[in-house]
Amino acid sequence: MVHLTIDEKPVEVPERWSLLDACREYGIHVPTLCHHPALEPYGGCRLCVVELIPANAKPRLVASCVYPCEEGAVVKTDSGAALRSRRLTAELLLASAYNTPRMLELAQELGVQEVRYRLPEESACVLCGLCVRACREIVGVSAISVIRRGMAKKVATPFQVASSRCIGCGTCVLICPTGAFEFSGTTGYKYVPPSASAYRLGYYRVSGELDLGPNFVKDLRDLLEVPKDEG
Amino acid sequence: MNRLQSASEYQSWQASLAAAWDDTKPCVRICDGTGCRALGSQKVLASLREEIDKAHLDTPIEVVGTGCPGFCECGPLLTIYPQRISYQRLTAADAPEIVRQTLAGGSVIERLLYTDLQTGEHIRLEPDLPFYKRQRRQVLNFNGRVDPRRIEDYVALGGYKALAKVLTSMTPGQVIAEVKASGLRGRGGAGFLTGVKWELCRQNVETAGSGFVVCNADEGDPGAFMDRSVVEGNPHAVIEGMVIGAYAMGVHKGFVYIRTEYPLAVENLRKAICQAEAAGFLGTDILGSGFEFALSVRLGAGAFVCGEETALLASIEGRIGEPRPRPPYPAASGLWGMPTNINNVKSWAAVPIVIERGAEAYAGVGTSTSKGTMIFSVVGKINNTGLVEVPMGISLRELIFDIGGGIPNGREFKAAQIGGPSGGCIPAEHLDVPIDYESLTSLGAIMGSGGLVVADEDNCMVDFARYFMTFTQQESCGKCVPCRIGTKAMLATLERICAGQGQTGDVDYLLEMGDHIKRSSLCGLGQTAPNPVLSTLRYFRDEYDAHILDKRCPSKVCKGLITYSIIPETCTGCMVCLRNCTSNAVSGLKGEVHSIDAALCTRCGVCKNVCKFDAVLVC
């Protein structure tokens with residue numbers, strides 16, 4: 001077992017757990033976007049940053065979903081630096097996904113007051129990579145991947161043509177937090193093309209009652225009413 | 001040749017090659033590096049050989065193509081041994097004269113010599129050139145002397161001695177202890193102690209059973225060519241360093257990750273690997289020691305982010321070149337999950353020097369925390385553009401003014417960008433800063449890999465920052481949000497400021513976003529990307545304010561903030577600007593004062609460049 005301090009509370013977790021695992025185990029809320037309990041951690045959205053306070057160095061921000069629990073570590077999840085960083089990241093996410101319900105909700109939660117930079121083109125896809133990883137790790141077909149880099153980066157099938165690998169299972173549609181996918185069939189193939197215009201009819205409608213979104217764990221916790229620590 | 005079976009076989013071969021190596025023999029060495037090749041050195045080389053053949057000289061004179069000696073400004077470069085007469089800026093047409101006058105006649109051709117910038121004197125010999133005088137060449141010592149395509153040259157000058165020493169008389173632990181004691185720090189940028197990194201990897205290799213060593217030759221900084229020149233000009237030093245490292249860490253497989261954009265470096269490196277395999281410095285049972293090590297080349301496809309170690313490893317594995325979070329560090333889990341040690345080209349090339357001369361001698365050069373020498377590629381507004389190797393701790397002033405020859409056209413020095421797009425700029429008031437890891441970091445720059453870009457008073461620092469931001473923004477892999485969108489947001493703000501649409505609050509936004517990107521990005525690219533903006537804001541805040549508040553570009557660079565006009569008193573109506581204007585913005589009749597239509601003018605500056613009477617005003 002590893003012992004550490006999170007938000008001034010002593011915490012004991014098994015080895016190889018991430019800081020996020022530890023936080024969730026102890027009911028400490030840390031927002032996430034690209035994290036999903038069924039997938040390998042990715043560390044891309046940077047919303048789950050927490051402040052790591054080493055004994056003999058300057059405090060620094062680490063992504064809790066990928067940072068391992070280390071013996072004796074001191075972590076603050078609600079420090080000014082961590083909250084500010086999350087707010088700015090959420091603001092940046094709204095630069096392109098400015099009409100996406102999940103993003104607006106997140107931005108509100110994290111205290112975004114204004115969006116100072118907007119991209120000319122709206123896009124619901126925030127490149128969290130959940131769809132790509134689910135397709136690879138859960139479905140096991142890797143019908144989609146990210147292509148290109150930087151601002152040109154996007155989720156696509158190989159060579160951007162309908163993929164014979166896609167089995168049309170719809171996992172990417174279900175897992176997408178912003179509803180950036182459109183579920184459609186093309187001749188011969190089941191095909192799920194990423195689409196910027198489809199976010200409104202996306203996730204919420206397709207998934208219906210079953211919520212497999214990345215906020216699943218948080219919701220479950222609310223459901224089970226994990227008691228909040230008094231201190 | 002036969003594969004060397006033992007260290008003693010190597011020693012006798014080395015001794016015979018060393019005996020045959022004769023610097024007093026007449027020989028012409030001409031730079032065959034990428035820089036001089038671009039200036040036509042291959043034509044010079046071919047016509048020299050032809051002329052020498054035709055001349056039927058009494059003693060045969062060999063013409064050798066070497067690696068880059070560094071004085072790229074004056075290429076193509078040529079040195080005539082044994083006197084070491086240095087000729088510069090050659091063309092193929094100079095070859096007959098060189099053969100007739102110098103090689104056959106023994107006299108020096110004055111017009112091909114270097115002219116001292118201050119005194120105007122011609123300098124005849126290579127060692128007397130001010131560019132080389134203040135340098136301390138260890139890693140670059142063989143560049144300009146050996147033919148990188150011939151292993152014999154490298155061995156003759158003592159190459160692979162360190163490897164033979166390690167394999168015959170040192171344990172892996174001793175090698176690591178020696179590298180640790182030398183104080184050698186990673187030359188790729190972060191400056192982590194090489195010996196400590198090796199030790200960590202060694203421990204993990206012992207548990208895991210095997211591992212890898214990797215050479216990072218994915219140099220991508222704008223204006224940087226140190227790693228290219230080392231691999232091109234002295235590939236065996238990199239190979240030797242890697243074999244020594246592999247022995248120390250107990251691994252048997254290595255990769256050199258090098259960019260496809262460096263075709264000559266790749267060619268020379270591949271040749272060198274083949275030769276080293278044939279000679280028995282690579283492969284099974286190296287020099288009869290029983291140690292085995294194989295080295296392969298992996299080509300990068302030109303993504304700057306692949307210089308980041310985890311992205312580089314992903315690329316070697318055949319996956320998308322995207323970084324992943326650390327820990328685990330590559331020393332614990334790298335290529336295919338095995339312990340992997342990654343070092344920069346210059347770090348690997350320094351290893352044989354550390355071993356051969358000993359840690360103490362190596363640590364004798366440099367400062368208390370930064371040991372040895374550092375190679376810089378000095379570019380931008382500087383007289384002696386080129387590759388220099390200086391001891392750590394030398395001041396920036398010496399580097400720029402004594403070695404670099406100062407700023408061209410009598411302009412004033414403004415700032416030096418150290419560390420490429422990840423570094424920061426150092427202004428004139430800090431010119432006396434000693435070049436070491438800590439001092440540079442404290443000024444907001446970084447040592448980086450050795451890129452140094454000099455800006456003079458004609459450079460606008462906002463535009464300068466915008467340039468580097470454009471680069472990092474384009475090279476961001478896009479995996480994490482702060483780097484992907486944050487750099488774009490910063491760039492858009494800078495572009496707005498340069499276009500004359502800056503607003504109050506822009507500087508605060510740049511500071512806030514810069515700090516955010518630095519602190520929360522996934523990898524080193526994002527964590528350092530805002531540095532050029534933050535450091536120019538630190539030292540040149542007044543220029544930002546002039547752009548934003550006064551709508552004025554003090555250096556008259558930013559097109560949105562300048563206008564071109566013609567001074568009526570000076571204009572002679574010669575029509576040169578009118579004819580050269582690409583957008584028909586100049587009007588006027590012959591002999592009459594011209595005028596520029598600001599609405600049509602694209603601010604390209606051609607009129608100012610062609611005007612012989614300085615009649616074009618920029619304000």
# chains A, B, ... in the order shown; residues from 1 in each chain; ligands from 1

$ interface_residues --of "chain B" --to "chain A" --cutoff "6 Å" --atoms "only C-alpha atoms" --output "ChimeraX atom specification"
/B:476-481,484

$ residues_around --residues "Gly67 of chain B" --least-positions-apart "4" --cutoff "9 Å" --atoms "only C-alpha atoms" --output "number ranges by chain"
B: 30-34, 142-148, 229-234

$ closest_residue --among "A:Ile175, A:Val112, A:Ala124, A:Cys135" --to "Cys34 of chain A" --atoms "only C-alpha atoms"
A:Ile175

$ atom_distance --atom1 "atom CA of Leu113 of chain B" --atom2 "atom CA of Thr79 of chain B"
10.6 Å

$ select_by_dssp --residues "segment 62-199 of chain A" --states "strand (DSSP E)" --output "PyMOL selection string"
chain A and resi 62-63+74-76+145-147+154-156+184-186+189-191

$ write_last_selection --atoms "N, CA and C atoms" --output "JSON list (two decimals), in the first residue's frame"
[["chain", "number", "residue", "atom", "x", "y", "z"],
["A", 62, "VAL", "N", 0.16, 18.35, -11.94],
["A", 62, "VAL", "CA", 0.27, 17.08, -12.67],
["A", 62, "VAL", "C", -1.14, 16.62, -13.03],
["A", 63, "ALA", "N", -1.24, 15.87, -14.11],
["A", 63, "ALA", "CA", -2.54, 15.32, -14.50],
["A", 63, "ALA", "C", -2.79, 14.10, -13.62],
["A", 74, "VAL", "N", 2.41, 14.76, -1.22],
["A", 74, "VAL", "CA", 1.42, 15.71, -0.71],
["A", 74, "VAL", "C", 0.73, 16.35, -1.91],
["A", 75, "VAL", "N", -0.60, 16.21, -1.94],
["A", 75, "VAL", "CA", -1.35, 16.65, -3.12],
["A", 75, "VAL", "C", -2.48, 17.57, -2.69],
["A", 76, "LYS", "N", -2.68, 18.62, -3.47],
["A", 76, "LYS", "CA", -3.86, 19.47, -3.23],
["A", 76, "LYS", "C", -4.70, 19.50, -4.50],
["A", 145, "SER", "N", -8.88, 6.36, -35.83],
["A", 145, "SER", "CA", -7.72, 6.83, -35.08],
["A", 145, "SER", "C", -7.62, 8.33, -35.27],
["A", 146, "VAL", "N", -6.67, 8.96, -34.55],
["A", 146, "VAL", "CA", -6.47, 10.38, -34.81],
["A", 146, "VAL", "C", -5.47, 10.51, -35.95],
["A", 147, "ILE", "N", -5.69, 11.46, -36.81],
["A", 147, "ILE", "CA", -4.76, 11.70, -37.91],
["A", 147, "ILE", "C", -4.30, 13.16, -37.85],
["A", 154, "LYS", "N", -7.56, 15.30, -36.24],
["A", 154, "LYS", "CA", -8.96, 14.91, -36.16],
["A", 154, "LYS", "C", -9.10, 13.39, -36.09],
["A", 155, "VAL", "N", -10.30, 12.99, -35.71],
["A", 155, "VAL", "CA", -10.59, 11.56, -35.65],
["A", 155, "VAL", "C", -11.08, 11.13, -37.02],
["A", 156, "ALA", "N", -10.51, 10.05, -37.53],
["A", 156, "ALA", "CA", -10.93, 9.61, -38.86],
["A", 156, "ALA", "C", -10.67, 8.13, -39.03],
["A", 184, "SER", "N", -24.47, 6.39, -39.08],
["A", 184, "SER", "CA", -25.16, 6.20, -40.35],
["A", 184, "SER", "C", -24.60, 4.96, -41.04],
["A", 185, "GLY", "N", -25.34, 4.46, -41.96],
["A", 185, "GLY", "CA", -24.86, 3.30, -42.71],
["A", 185, "GLY", "C", -24.51, 3.72, -44.12],
["A", 186, "THR", "N", -23.44, 3.18, -44.67],
["A", 186, "THR", "CA", -23.17, 3.41, -46.08],
["A", 186, "THR", "C", -23.19, 2.06, -46.77],
["A", 189, "TYR", "N", -21.06, -1.09, -45.84],
["A", 189, "TYR", "CA", -20.42, -0.99, -44.53],
["A", 189, "TYR", "C", -21.34, -0.32, -43.54],
["A", 190, "LYS", "N", -21.13, -0.61, -42.28],
["A", 190, "LYS", "CA", -21.64, 0.25, -41.23],
["A", 190, "LYS", "C", -20.58, 1.32, -41.04],
["A", 191, "TYR", "N", -20.96, 2.54, -40.98],
["A", 191, "TYR", "CA", -19.95, 3.59, -40.95],
["A", 191, "TYR", "C", -20.35, 4.68, -39.97]]

$ select_by_dssp --residues "segment 3-129 of chain A" --states "alpha helix (DSSP H)" --output "NGL selection string"
:A and (19-25 or 80-93 or 101-109)

$ atom_distance --atom1 "atom CA of Arg87 of chain A" --atom2 "atom CA of Gly111 of chain A"
6.1 Å

$ residues_around --residues "Val593 of chain B" --least-positions-apart "6" --cutoff "6 Å" --atoms "only C-alpha atoms" --output "PyMOL selection string"
chain B and resi 568+571+573

$ write_last_selection --atoms "C-alpha atoms" --output "PDB file, in the first residue's frame"
ATOM      1  CA  PRO B 568      10.153  64.542 -52.124  1.00  0.00           C
ATOM      2  CA  CYS B 571      13.623  61.562 -54.857  1.00  0.00           C
ATOM      3  CA  GLY B 573      12.374  60.504 -60.192  1.00  0.00           C
TER       4      GLY B 573
END

$ residues_around --residues "Gly188 of chain B" --least-positions-apart "6" --cutoff "10 Å" --atoms "only C-alpha atoms" --output "PyMOL selection string"
chain B and resi 216-217+219+227+307-308+342-347+419+447-450
